[in-house]
file structure14.cif (mmCIF, C-alpha atoms)
data_model
loop_
_atom_site.label_atom_id
_atom_site.label_comp_id
_atom_site.auth_asym_id
_atom_site.auth_seq_id
_atom_site.Cartn_x
_atom_site.Cartn_y
_atom_site.Cartn_z
CA MET A 1 10.85 -18.48 43.47
CA THR A 2 13.52 -19.43 40.94
CA SER A 3 11.15 -21.65 38.98
CA LEU A 4 8.49 -18.95 39.00
CA LEU A 5 10.90 -16.36 37.63
CA SER A 6 12.17 -18.74 34.98
CA MET A 7 8.64 -19.49 33.78
CA GLN A 8 7.31 -15.93 33.60
CA PRO A 9 9.51 -14.58 30.78
CA ARG A 10 8.55 -17.37 28.37
CA PRO A 11 5.31 -15.76 27.05
CA VAL A 12 7.04 -12.38 26.92
CA LYS A 13 10.05 -13.84 25.11
CA ARG A 14 7.80 -15.63 22.61
CA GLY A 15 5.80 -12.47 22.07
CA LEU A 16 8.97 -10.49 21.38
CA LEU A 17 10.23 -13.16 18.98
CA GLN A 18 6.90 -13.11 17.15
CA LEU A 19 7.06 -9.30 16.96
CA VAL A 20 10.57 -9.45 15.52
CA CYS A 21 9.46 -12.10 13.02
CA PHE A 22 6.44 -10.00 12.04
CA GLY A 23 8.65 -6.93 11.58
CA ARG A 24 11.08 -8.88 9.44
CA GLU A 25 8.33 -10.14 7.13
CA GLN A 26 6.89 -6.65 6.86
CA ALA A 27 10.30 -5.19 6.04
CA LEU A 28 10.90 -7.80 3.33
CA SER A 29 7.45 -7.06 1.92
CA CYS A 30 8.33 -3.35 1.71
CA VAL A 31 11.44 -3.78 -0.44
CA PHE A 32 9.94 -1.84 -3.38
CA PRO A 33 8.71 1.12 -1.28
CA VAL A 34 12.05 1.22 0.59
CA VAL A 35 13.94 1.48 -2.70
CA ILE A 36 11.67 4.34 -3.78
CA PHE A 37 12.22 6.26 -0.52
CA ALA A 38 15.96 5.63 -0.63
CA SER A 39 16.04 6.88 -4.23
CA LEU A 40 14.08 10.00 -3.28
CA ALA A 41 16.56 10.74 -0.50
CA LEU A 42 19.62 9.97 -2.64
CA THR A 43 18.54 12.08 -5.61
CA LYS A 44 17.55 14.92 -3.28
CA LEU A 45 20.88 15.01 -1.45
CA ILE A 46 23.16 14.11 -4.38
CA PRO A 47 22.31 15.69 -7.76
CA LEU A 48 22.71 13.10 -10.51
CA PRO A 49 24.03 14.09 -13.97
CA TRP A 50 22.71 13.99 -17.54
CA ILE A 51 18.95 13.79 -16.97
CA PRO A 52 16.49 15.43 -14.53
CA ARG A 53 15.85 13.90 -11.12
CA TYR A 54 12.32 12.73 -11.94
CA ASP A 55 13.69 10.74 -14.89
CA TRP A 56 16.36 9.11 -12.72
CA LEU A 57 13.61 8.02 -10.36
CA LEU A 58 11.70 6.48 -13.26
CA LEU A 59 14.77 4.52 -14.40
CA ILE A 60 15.42 3.30 -10.85
CA CYS A 61 11.80 2.14 -10.47
CA LEU A 62 11.89 0.33 -13.81
CA ALA A 63 15.17 -1.37 -12.92
CA MET A 64 13.79 -2.37 -9.52
CA GLN A 65 10.65 -3.80 -11.09
CA TRP A 66 12.70 -5.82 -13.58
CA TRP A 67 14.97 -7.14 -10.82
CA MET A 68 12.06 -8.25 -8.62
CA VAL A 69 10.58 -10.28 -11.47
CA HIS A 70 13.98 -11.67 -12.51
CA ALA A 71 14.77 -12.64 -8.89
CA GLY A 72 11.41 -14.34 -8.47
CA LEU A 73 10.16 -11.90 -5.83
CA GLU A 74 7.13 -11.11 -7.97
CA THR A 75 5.15 -13.26 -10.36
CA ARG A 76 3.96 -12.17 -13.79
CA ASP A 77 0.36 -12.05 -12.52
CA GLU A 78 1.44 -9.75 -9.71
CA VAL A 79 3.25 -7.52 -12.19
CA LYS A 80 -0.03 -7.21 -14.11
CA VAL A 81 -1.76 -6.03 -10.93
CA ILE A 82 1.09 -3.63 -10.15
CA THR A 83 0.94 -2.25 -13.70
CA LEU A 84 -2.80 -1.72 -13.28
CA PHE A 85 -2.11 0.28 -10.12
CA HIS A 86 0.51 2.31 -11.96
CA LEU A 87 -2.13 3.31 -14.53
CA ILE A 88 -4.80 3.94 -11.87
CA GLY A 89 -2.38 6.07 -9.87
CA LEU A 90 -1.15 7.98 -12.91
CA ALA A 91 -4.71 8.84 -13.96
CA LEU A 92 -5.43 10.09 -10.44
CA GLU A 93 -2.19 12.10 -10.40
CA ILE A 94 -2.97 13.80 -13.71
CA PHE A 95 -6.42 14.83 -12.50
CA LYS A 96 -5.28 15.95 -9.05
CA THR A 97 -2.41 18.07 -10.34
CA HIS A 98 -4.78 19.64 -12.87
CA MET A 99 -7.11 20.55 -9.99
CA GLY A 100 -4.23 22.03 -7.99
CA SER A 101 -4.28 19.45 -5.18
CA TRP A 102 -0.49 19.06 -5.45
CA SER A 103 2.25 19.59 -8.01
CA TYR A 104 5.54 18.30 -9.41
CA PRO A 105 7.56 21.50 -9.74
CA GLU A 106 10.81 19.97 -11.03
CA GLU A 107 11.68 19.36 -14.66
CA GLY A 108 11.50 16.00 -16.37
CA TYR A 109 11.51 14.58 -19.88
CA PHE A 110 9.11 11.75 -19.08
CA LYS A 111 6.08 13.71 -17.97
CA VAL A 112 2.43 13.31 -18.97
CA PHE A 113 0.35 16.48 -18.52
CA GLY A 114 2.86 17.72 -15.96
CA VAL A 115 3.02 14.44 -14.02
CA PRO A 116 6.29 12.45 -14.04
CA LEU A 117 5.84 8.80 -14.94
CA TYR A 118 7.68 7.63 -11.85
CA SER A 119 4.75 8.82 -9.72
CA GLY A 120 2.66 5.82 -10.77
CA PHE A 121 5.23 3.54 -9.15
CA MET A 122 4.42 5.05 -5.75
CA TYR A 123 0.92 3.62 -6.11
CA ALA A 124 2.32 0.43 -7.61
CA SER A 125 4.58 0.03 -4.57
CA VAL A 126 1.47 -0.25 -2.37
CA ALA A 127 0.24 -3.12 -4.53
CA SER A 128 3.73 -4.66 -4.44
CA TYR A 129 3.69 -4.55 -0.63
CA LEU A 130 0.26 -6.20 -0.50
CA CYS A 131 1.30 -8.97 -2.89
CA GLN A 132 4.54 -9.61 -1.01
CA ALA A 133 2.91 -9.60 2.43
CA TRP A 134 0.10 -11.84 1.17
CA ARG A 135 2.55 -14.51 0.09
CA ARG A 136 5.04 -14.20 2.94
CA MET A 137 2.42 -14.27 5.68
CA ASN A 138 0.13 -16.81 4.02
CA VAL A 139 -2.86 -14.46 4.18
CA GLU A 140 -6.38 -15.87 4.08
CA LEU A 141 -9.70 -14.01 4.08
CA VAL A 142 -12.74 -15.23 5.99
CA LYS A 143 -16.33 -14.20 5.19
CA TRP A 144 -15.38 -12.18 2.12
CA PRO A 145 -18.33 -10.21 0.67
CA PRO A 146 -19.82 -11.09 -2.74
CA PHE A 147 -17.79 -10.08 -5.78
CA PRO A 148 -20.35 -7.53 -7.17
CA VAL A 149 -20.41 -5.74 -3.80
CA VAL A 150 -16.62 -5.54 -3.67
CA VAL A 151 -16.30 -4.22 -7.24
CA THR A 152 -19.05 -1.63 -6.75
CA LEU A 153 -17.52 -0.39 -3.49
CA ALA A 154 -14.03 -0.11 -5.00
CA ALA A 155 -15.41 1.83 -7.99
CA MET A 156 -17.34 4.22 -5.74
CA ILE A 157 -14.26 4.92 -3.63
CA TYR A 158 -12.04 5.57 -6.64
CA LEU A 159 -14.61 7.79 -8.38
CA ASN A 160 -15.04 9.92 -5.25
CA PHE A 161 -11.42 11.06 -5.60
CA PHE A 162 -12.57 12.75 -8.82
CA THR A 163 -16.19 13.70 -8.18
CA HIS A 164 -15.68 15.45 -4.83
CA HIS A 165 -14.14 18.38 -6.71
CA TYR A 166 -17.52 18.99 -8.39
CA TRP A 167 -19.94 17.48 -5.87
CA ILE A 168 -19.97 16.70 -2.17
CA ASP A 169 -17.18 14.64 -0.64
CA VAL A 170 -18.71 11.36 0.50
CA ARG A 171 -15.54 9.77 1.88
CA TRP A 172 -16.98 9.45 5.38
CA TRP A 173 -20.11 7.81 4.04
CA LEU A 174 -17.90 5.46 2.07
CA SER A 175 -15.85 4.73 5.19
CA ALA A 176 -19.02 3.84 7.04
CA LEU A 177 -20.06 1.65 4.11
CA VAL A 178 -16.69 -0.13 4.28
CA LEU A 179 -17.28 -0.93 7.95
CA LEU A 180 -20.74 -2.23 7.12
CA VAL A 181 -19.62 -4.39 4.17
CA PHE A 182 -16.54 -5.82 5.90
CA TRP A 183 -17.89 -5.96 9.45
CA ARG A 184 -17.67 -9.75 9.59
CA THR A 185 -14.59 -10.14 7.37
CA ARG A 186 -11.38 -11.28 9.03
CA VAL A 187 -7.85 -11.47 7.67
CA ILE A 188 -5.86 -14.47 8.87
CA TYR A 189 -2.08 -14.32 8.65
CA GLU A 190 0.85 -16.43 9.78
CA VAL A 191 3.83 -15.35 11.88
CA GLY A 192 6.46 -17.86 12.95
CA GLY A 193 4.19 -20.83 12.28
CA THR A 194 1.29 -19.41 14.32
CA ARG A 195 -1.92 -18.18 12.74
CA TYR A 196 -3.53 -14.93 13.89
CA ARG A 197 -6.67 -13.12 12.85
CA MET A 198 -7.61 -9.46 12.67
CA PRO A 199 -10.70 -7.50 11.58
CA LEU A 200 -10.08 -6.49 7.98
CA ALA A 201 -11.30 -2.92 8.62
CA LEU A 202 -8.60 -2.53 11.30
CA SER A 203 -5.90 -3.66 8.87
CA PHE A 204 -7.15 -1.02 6.39
CA ALA A 205 -6.77 1.70 9.03
CA LEU A 206 -3.28 0.56 10.06
CA ILE A 207 -1.98 0.39 6.49
CA GLY A 208 -3.51 3.80 5.70
CA PHE A 209 -1.83 5.35 8.75
CA PHE A 210 1.60 3.99 7.88
CA ILE A 211 1.23 5.18 4.28
CA TRP A 212 0.47 8.65 5.67
CA ILE A 213 3.78 8.46 7.55
CA ALA A 214 5.46 7.41 4.31
CA GLU A 215 3.79 10.34 2.55
CA ASN A 216 5.41 12.75 4.98
CA ILE A 217 8.80 11.22 4.22
CA ALA A 218 8.13 11.38 0.48
CA THR A 219 7.10 15.05 0.48
CA PHE A 220 10.08 15.91 2.70
CA PHE A 221 12.36 14.55 -0.01
CA GLY A 222 10.42 16.33 -2.77
CA ALA A 223 8.48 13.45 -4.31
CA TRP A 224 5.65 15.94 -4.82
CA GLU A 225 4.49 19.16 -3.19
CA TYR A 226 1.22 20.22 -1.60
CA PRO A 227 0.23 23.90 -1.92
CA ASP A 228 0.92 24.59 1.77
CA GLN A 229 4.41 23.12 1.38
CA ALA A 230 5.48 25.50 -1.40
CA ALA A 231 7.24 27.95 0.93
CA ALA A 232 8.59 25.36 3.38
CA TRP A 233 7.94 21.72 4.14
CA GLN A 234 5.42 20.95 6.85
CA LEU A 235 3.62 17.90 8.12
CA VAL A 236 0.95 16.54 5.78
CA HIS A 237 -2.52 17.16 7.19
CA LEU A 238 -3.74 14.25 9.29
CA GLY A 239 -6.97 14.25 7.29
CA LYS A 240 -5.01 12.68 4.42
CA VAL A 241 -5.08 9.42 6.40
CA SER A 242 -8.71 8.98 5.34
CA SER A 243 -7.75 9.43 1.68
CA TRP A 244 -4.97 6.87 1.92
CA LEU A 245 -7.22 4.51 3.86
CA LEU A 246 -9.76 4.54 1.04
CA LEU A 247 -7.05 4.16 -1.60
CA VAL A 248 -5.59 1.22 0.32
CA ILE A 249 -9.03 -0.37 0.28
CA VAL A 250 -9.17 -0.11 -3.52
CA SER A 251 -5.68 -1.63 -3.71
CA PHE A 252 -6.56 -4.41 -1.29
CA LEU A 253 -9.79 -5.28 -3.05
CA ILE A 254 -8.07 -5.69 -6.41
CA VAL A 255 -5.20 -7.74 -4.97
CA ALA A 256 -7.61 -9.84 -2.89
CA THR A 257 -9.74 -10.59 -5.95
CA LEU A 258 -6.66 -11.80 -7.85
CA LYS A 259 -5.47 -13.93 -4.95
CA ARG A 260 -8.88 -15.50 -4.40
CA VAL A 261 -9.21 -16.37 -8.09
CA LYS A 262 -5.74 -17.92 -8.07
CA GLY A 263 -6.43 -19.58 -4.72
CA ARG A 264 -9.25 -21.65 -6.20
CA GLN A 265 -6.61 -23.64 -8.06
CA THR A 266 -4.56 -24.41 -4.91
CA PRO A 267 -5.40 -26.86 -2.09
CA ALA A 268 -6.78 -25.65 1.22
CA LEU A 269 -4.66 -25.42 4.35
CA PRO A 270 -4.18 -28.65 6.30
CA LYS A 271 -6.60 -28.96 9.19
CA GLU A 272 -3.80 -29.10 11.76
CA ILE A 273 -2.53 -25.70 10.53
CA ALA A 274 -5.93 -24.09 10.09
CA GLY A 275 -6.89 -25.11 13.60
CA HIS A 276 -3.79 -23.52 15.13
CA GLU A 277 -5.16 -19.96 15.12
CA GLN A 278 -4.95 -17.36 17.85
#
call {"tool": "encode", "arguments": {"input": "structure14.cif", "output": "structure tokens"}}
result
Amino acid sequence: MTSLLSMQPRPVKRGLLQLVCFGREQALSCVFPVVIFASLALTKLIPLPWIPRYDWLLLICLAMQWWMVHAGLETRDEVKVITLFHLIGLALEIFKTHMGSWSYPEEGYFKVFGVPLYSGFMYASVASYLCQAWRRMNVELVKWPPFPVVVTLAAMIYLNFFTHHYWIDVRWWLSALVLLVFWRTRVIYEVGGTRYRMPLALSFALIGFFIWIAENIATFFGAWEYPDQAAAWQLVHLGKVSSWLLLVIVSFLIVATLKRVKGRQTPALPKEIAGHEQ
């Protein structure tokens, strides 16, 4: 009986250790988003002097970006990708605020067409998380679709954020297309020396859901404001998960393309590691 009891907890203990290790790597990968949320909370609770709150947030984001590069947490190539996401996000923000989807009611010196420049960093932080997690967890993609298919799908998803205001919203058709294109694609990642695999479409859904949670935190601290939150804050509609899911896909496709291009110059995993998958 004693030996039986001593043997049973081992798989459970290992599973808990792996979960803790996974959570630690995820937390370290989220350092940029965490700083943004902490800054939103700080500037909301404690008014800072001299310049408007939105401008303080921009300075904090710029300082954080500089520090991550200086500390070696991000490479120059990754900064290029993050900058691209800043521009992509800013363009989307300008259009969406113009269409009345949400607003930035506070004052700010560094605004473009009513959109504070710090807002682009919220999109860039998603790319930062993907780059960090990719490196920390030694991510590998299996059965990745052809490059023209990936580029076309990413462009269609991004354009739908604009065109659905004038035409039909095809996000659900695009979601179905994502499942079709990536049905066989798997993402392989490493936790505590053990390799795991997951359907890529499932990882899209999980990341999109957690970003929706982050969006609720961000709107609570006044990062931006939806029309139905003007009188009082309320939970962001669950339907926004689909929007974030599609935006995450665009982010992932761009980061994955960069990593795969760079990966061609690096050696493959040793067979003894590649074979140790769960």
call {"tool": "closest_residue", "arguments": {"input": "structure14.cif", "among": "A:Thr152, A:Ser203, A:Ser128, A:Asn216", "to": "A:Leu28", "atoms": "only C-alpha atoms"}}
result
A:Ser128
call {"tool": "residues_around", "arguments": {"input": "structure14.cif", "residues": "A:Ile217", "least_positions_apart": "2", "cutoff": "10 Å", "atoms": "only C-alpha atoms", "output": "MDAnalysis selection string"}}
result
chainID A and resid 37 40:41 211:215 219:223 235:236
call {"tool": "closest_residue", "arguments": {"input": "structure14.cif", "among": "A:Thr185, A:Ser119, A:Thr194, A:Gln26", "to": "A:Leu92", "atoms": "all atoms listed in the file"}}
result
A:Ser119
call {"tool": "atom_distance", "arguments": {"input": "structure14.cif", "atom1": "atom CA of A:Arg53", "atom2": "atom CA of A:Ala38"}}
result
13.4 Å
call {"tool": "residues_around", "arguments": {"input": "structure14.cif", "residues": "A:Gly120", "least_positions_apart": "6", "cutoff": "9 Å", "atoms": "only C-alpha atoms", "output": "list in words"}}
result
Thr83, Phe85, His86, Leu87, Ile88, Gly89, Leu90, Ala91 and Glu93 of chain A
call {"tool": "write_last_selection", "arguments": {"input": "structure14.cif", "atoms": "C-alpha atoms", "output": "compact mmCIF listing (two decimals), in the frame of the given file"}}
result
# COMPACT_ATOMS: atom_id res chain seq x y z
CA THR A 83 0.94 -2.25 -13.70
CA PHE A 85 -2.11 0.28 -10.12
CA HIS A 86 0.51 2.31 -11.96
CA LEU A 87 -2.13 3.31 -14.53
CA ILE A 88 -4.80 3.94 -11.87
CA GLY A 89 -2.38 6.07 -9.87
CA LEU A 90 -1.15 7.98 -12.91
CA ALA A 91 -4.71 8.84 -13.96
CA GLU A 93 -2.19 12.10 -10.40
call {"tool": "residues_around", "arguments": {"input": "structure14.cif", "residues": "A:Val250", "least_positions_apart": "4", "cutoff": "10 Å", "atoms": "all atoms listed in the file", "output": "VMD selection string"}}
result
chain A and resid 85 127 150 to 151 153 to 158 244 to 246 254 to 256
call {"tool": "closest_residue", "arguments": {"input": "structure14.cif", "among": "A:Tyr54, A:Arg24, A:His165, A:Arg76", "to": "A:Pro105", "atoms": "all atoms listed in the file"}}
result
A:Tyr54
call {"tool": "atom_distance", "arguments": {"input": "structure14.cif", "atom1": "atom CA of A:Leu57", "atom2": "atom CA of A:Ala71"}}
result
20.7 Å
call {"tool": "atom_distance", "arguments": {"input": "structure14.cif", "atom1": "atom CA of A:Val35", "atom2": "atom CA of A:Phe252"}}
result
21.4 Å
call {"tool": "closest_residue", "arguments": {"input": "structure14.cif", "among": "A:Pro33, A:Gly192, A:Gly23, A:Ala201", "to": "A:Leu177", "atoms": "all atoms listed in the file"}}
result
A:Ala201
call {"tool": "residues_around", "arguments": {"input": "structure14.cif", "residues": "A:Phe110", "least_positions_apart": "2", "cutoff": "12 Å", "atoms": "all atoms listed in the file", "output": "PyMOL selection string"}}
result
chain A and resi 51-59+106-108+112-119
call {"tool": "write_last_selection", "arguments": {"input": "structure14.cif", "atoms": "C-alpha atoms", "output": "PDB file, keeping the file's coordinate frame"}}
result
ATOM      1  CA  ILE A  51      18.950  13.790 -16.970  1.00  0.00           C
ATOM      2  CA  PRO A  52      16.490  15.430 -14.530  1.00  0.00           C
ATOM      3  CA  ARG A  53      15.850  13.900 -11.120  1.00  0.00           C
ATOM      4  CA  TYR A  54      12.320  12.730 -11.940  1.00  0.00           C
ATOM      5  CA  ASP A  55      13.690  10.740 -14.890  1.00  0.00           C
ATOM      6  CA  TRP A  56      16.360   9.110 -12.720  1.00  0.00           C
ATOM      7  CA  LEU A  57      13.610   8.020 -10.360  1.00  0.00           C
ATOM      8  CA  LEU A  58      11.700   6.480 -13.260  1.00  0.00           C
ATOM      9  CA  LEU A  59      14.770   4.520 -14.400  1.00  0.00           C
ATOM     10  CA  GLU A 106      10.810  19.970 -11.030  1.00  0.00           C
ATOM     11  CA  GLU A 107      11.680  19.360 -14.660  1.00  0.00           C
ATOM     12  CA  GLY A 108      11.500  16.000 -16.370  1.00  0.00           C
ATOM     13  CA  VAL A 112       2.430  13.310 -18.970  1.00  0.00           C
ATOM     14  CA  PHE A 113       0.350  16.480 -18.520  1.00  0.00           C
ATOM     15  CA  GLY A 114       2.860  17.720 -15.960  1.00  0.00           C
ATOM     16  CA  VAL A 115       3.020  14.440 -14.020  1.00  0.00           C
ATOM     17  CA  PRO A 116       6.290  12.450 -14.040  1.00  0.00           C
ATOM     18  CA  LEU A 117       5.840   8.800 -14.940  1.00  0.00           C
ATOM     19  CA  TYR A 118       7.680   7.630 -11.850  1.00  0.00           C
ATOM     20  CA  SER A 119       4.750   8.820  -9.720  1.00  0.00           C
TER      21      SER A 119
END
call {"tool": "resolve_selection", "arguments": {"input": "structure14.cif", "expression": "the PyMOL selection byres ((chain A and resi 171) around 10)", "output": "PyMOL selection string"}}
result
chain A and resi 156-157+160-161+164+168-170+172-177+242-243+246
call {"tool": "residues_around", "arguments": {"input": "structure14.cif", "residues": "A:Leu73", "least_positions_apart": "6", "cutoff": "12 Å", "atoms": "all atoms listed in the file", "output": "MDAnalysis selection string"}}
result
chainID A and resid 28:32 64:67 79 128:129 131:133 135:136
call {"tool": "decode", "arguments": {"input": "structure14.cif", "residues": "stretch 98-203 of chain A", "atoms": "C-alpha atoms", "output": "short mmCIF file (atom, residue, chain, number, x, y, z; two decimals), in the first residue's frame"}}
result
data_model
loop_
_atom_site.label_atom_id
_atom_site.label_comp_id
_atom_site.auth_asym_id
_atom_site.auth_seq_id
_atom_site.Cartn_x
_atom_site.Cartn_y
_atom_site.Cartn_z
CA HIS A 98 -13.55 57.27 -37.53
CA MET A 99 -16.37 54.73 -37.96
CA GLY A 100 -17.40 55.10 -34.32
CA SER A 101 -16.46 51.57 -33.24
CA TRP A 102 -14.65 52.97 -30.18
CA SER A 103 -13.03 56.20 -29.07
CA TYR A 104 -10.18 57.78 -27.11
CA PRO A 105 -11.97 60.53 -25.19
CA GLU A 106 -8.98 61.87 -23.23
CA GLU A 107 -6.62 64.60 -24.39
CA GLY A 108 -3.17 63.99 -25.80
CA TYR A 109 -0.51 65.86 -27.73
CA PHE A 110 0.64 62.83 -29.70
CA LYS A 111 -2.55 61.93 -31.50
CA VAL A 112 -3.11 61.10 -35.18
CA PHE A 113 -6.69 61.71 -36.37
CA GLY A 114 -7.89 61.39 -32.78
CA VAL A 115 -5.92 58.22 -32.04
CA PRO A 116 -3.08 58.36 -29.48
CA LEU A 117 0.17 56.89 -30.74
CA TYR A 118 0.50 54.62 -27.73
CA SER A 119 -2.44 52.57 -29.02
CA GLY A 120 -0.26 50.95 -31.68
CA PHE A 121 1.87 49.45 -28.93
CA MET A 122 -1.10 47.41 -27.73
CA TYR A 123 -1.03 45.60 -31.06
CA ALA A 124 2.76 45.52 -30.99
CA SER A 125 2.63 43.85 -27.57
CA VAL A 126 0.82 40.89 -29.14
CA ALA A 127 3.67 40.49 -31.62
CA SER A 128 6.16 40.89 -28.76
CA TYR A 129 4.45 38.07 -26.86
CA LEU A 130 4.53 35.80 -29.91
CA CYS A 131 8.22 36.48 -30.54
CA GLN A 132 9.13 35.93 -26.90
CA ALA A 133 7.08 32.74 -26.55
CA TRP A 134 8.46 31.42 -29.84
CA ARG A 135 12.02 31.70 -28.60
CA ARG A 136 11.46 30.64 -24.99
CA MET A 137 9.42 27.57 -25.85
CA ASN A 138 11.40 26.58 -28.94
CA VAL A 139 8.31 26.63 -31.15
CA GLU A 140 8.25 24.62 -34.37
CA LEU A 141 5.50 24.40 -36.99
CA VAL A 142 4.61 21.17 -38.77
CA LYS A 143 2.80 20.99 -42.13
CA TRP A 144 2.76 24.75 -42.63
CA PRO A 145 0.66 25.81 -45.66
CA PRO A 146 2.30 27.34 -48.77
CA PHE A 147 3.48 30.93 -48.46
CA PRO A 148 1.01 32.41 -51.06
CA VAL A 149 -1.92 30.82 -49.20
CA VAL A 150 -0.77 32.25 -45.86
CA VAL A 151 -0.24 35.77 -47.25
CA THR A 152 -3.59 35.78 -49.05
CA LEU A 153 -5.46 34.58 -45.96
CA ALA A 154 -3.78 37.17 -43.71
CA ALA A 155 -4.63 39.96 -46.18
CA MET A 156 -8.27 38.84 -46.42
CA ILE A 157 -8.63 38.78 -42.64
CA TYR A 158 -7.10 42.23 -42.19
CA LEU A 159 -9.14 43.78 -45.01
CA ASN A 160 -12.39 42.43 -43.56
CA PHE A 161 -11.88 44.66 -40.51
CA PHE A 162 -12.35 47.57 -42.93
CA THR A 163 -14.71 46.26 -45.59
CA HIS A 164 -17.39 44.88 -43.26
CA HIS A 165 -18.48 48.46 -42.56
CA TYR A 166 -19.50 48.79 -46.23
CA TRP A 167 -20.18 45.17 -47.19
CA ILE A 168 -21.11 41.96 -45.44
CA ASP A 169 -19.03 40.73 -42.52
CA VAL A 170 -17.34 37.52 -43.62
CA ARG A 171 -15.45 36.80 -40.39
CA TRP A 172 -17.19 33.46 -39.88
CA TRP A 173 -16.38 32.40 -43.43
CA LEU A 174 -12.80 33.43 -42.81
CA SER A 175 -12.77 31.45 -39.55
CA ALA A 176 -13.95 28.40 -41.43
CA LEU A 177 -11.27 29.02 -44.05
CA VAL A 178 -8.65 29.18 -41.29
CA LEU A 179 -9.75 25.77 -40.02
CA LEU A 180 -9.56 24.39 -43.55
CA VAL A 181 -6.11 25.86 -44.33
CA PHE A 182 -4.55 24.93 -40.98
CA TRP A 183 -6.42 21.68 -40.36
CA ARG A 184 -3.24 19.60 -40.53
CA THR A 185 -0.86 22.20 -39.07
CA ARG A 186 0.53 21.53 -35.61
CA VAL A 187 2.54 23.77 -33.31
CA ILE A 188 5.25 21.97 -31.34
CA TYR A 189 6.58 23.63 -28.20
CA GLU A 190 8.91 22.72 -25.37
CA VAL A 191 8.21 22.84 -21.63
CA GLY A 192 10.79 21.65 -19.13
CA GLY A 193 12.72 19.70 -21.75
CA THR A 194 9.63 17.86 -23.03
CA ARG A 195 8.12 18.52 -26.44
CA TYR A 196 4.35 18.82 -26.86
CA ARG A 197 2.15 19.41 -29.87
CA MET A 198 -1.16 21.19 -30.34
CA PRO A 199 -3.44 21.92 -33.31
CA LEU A 200 -2.54 25.41 -34.49
CA ALA A 201 -6.21 26.41 -34.80
CA LEU A 202 -6.70 25.62 -31.09
CA SER A 203 -3.76 27.83 -30.14
#
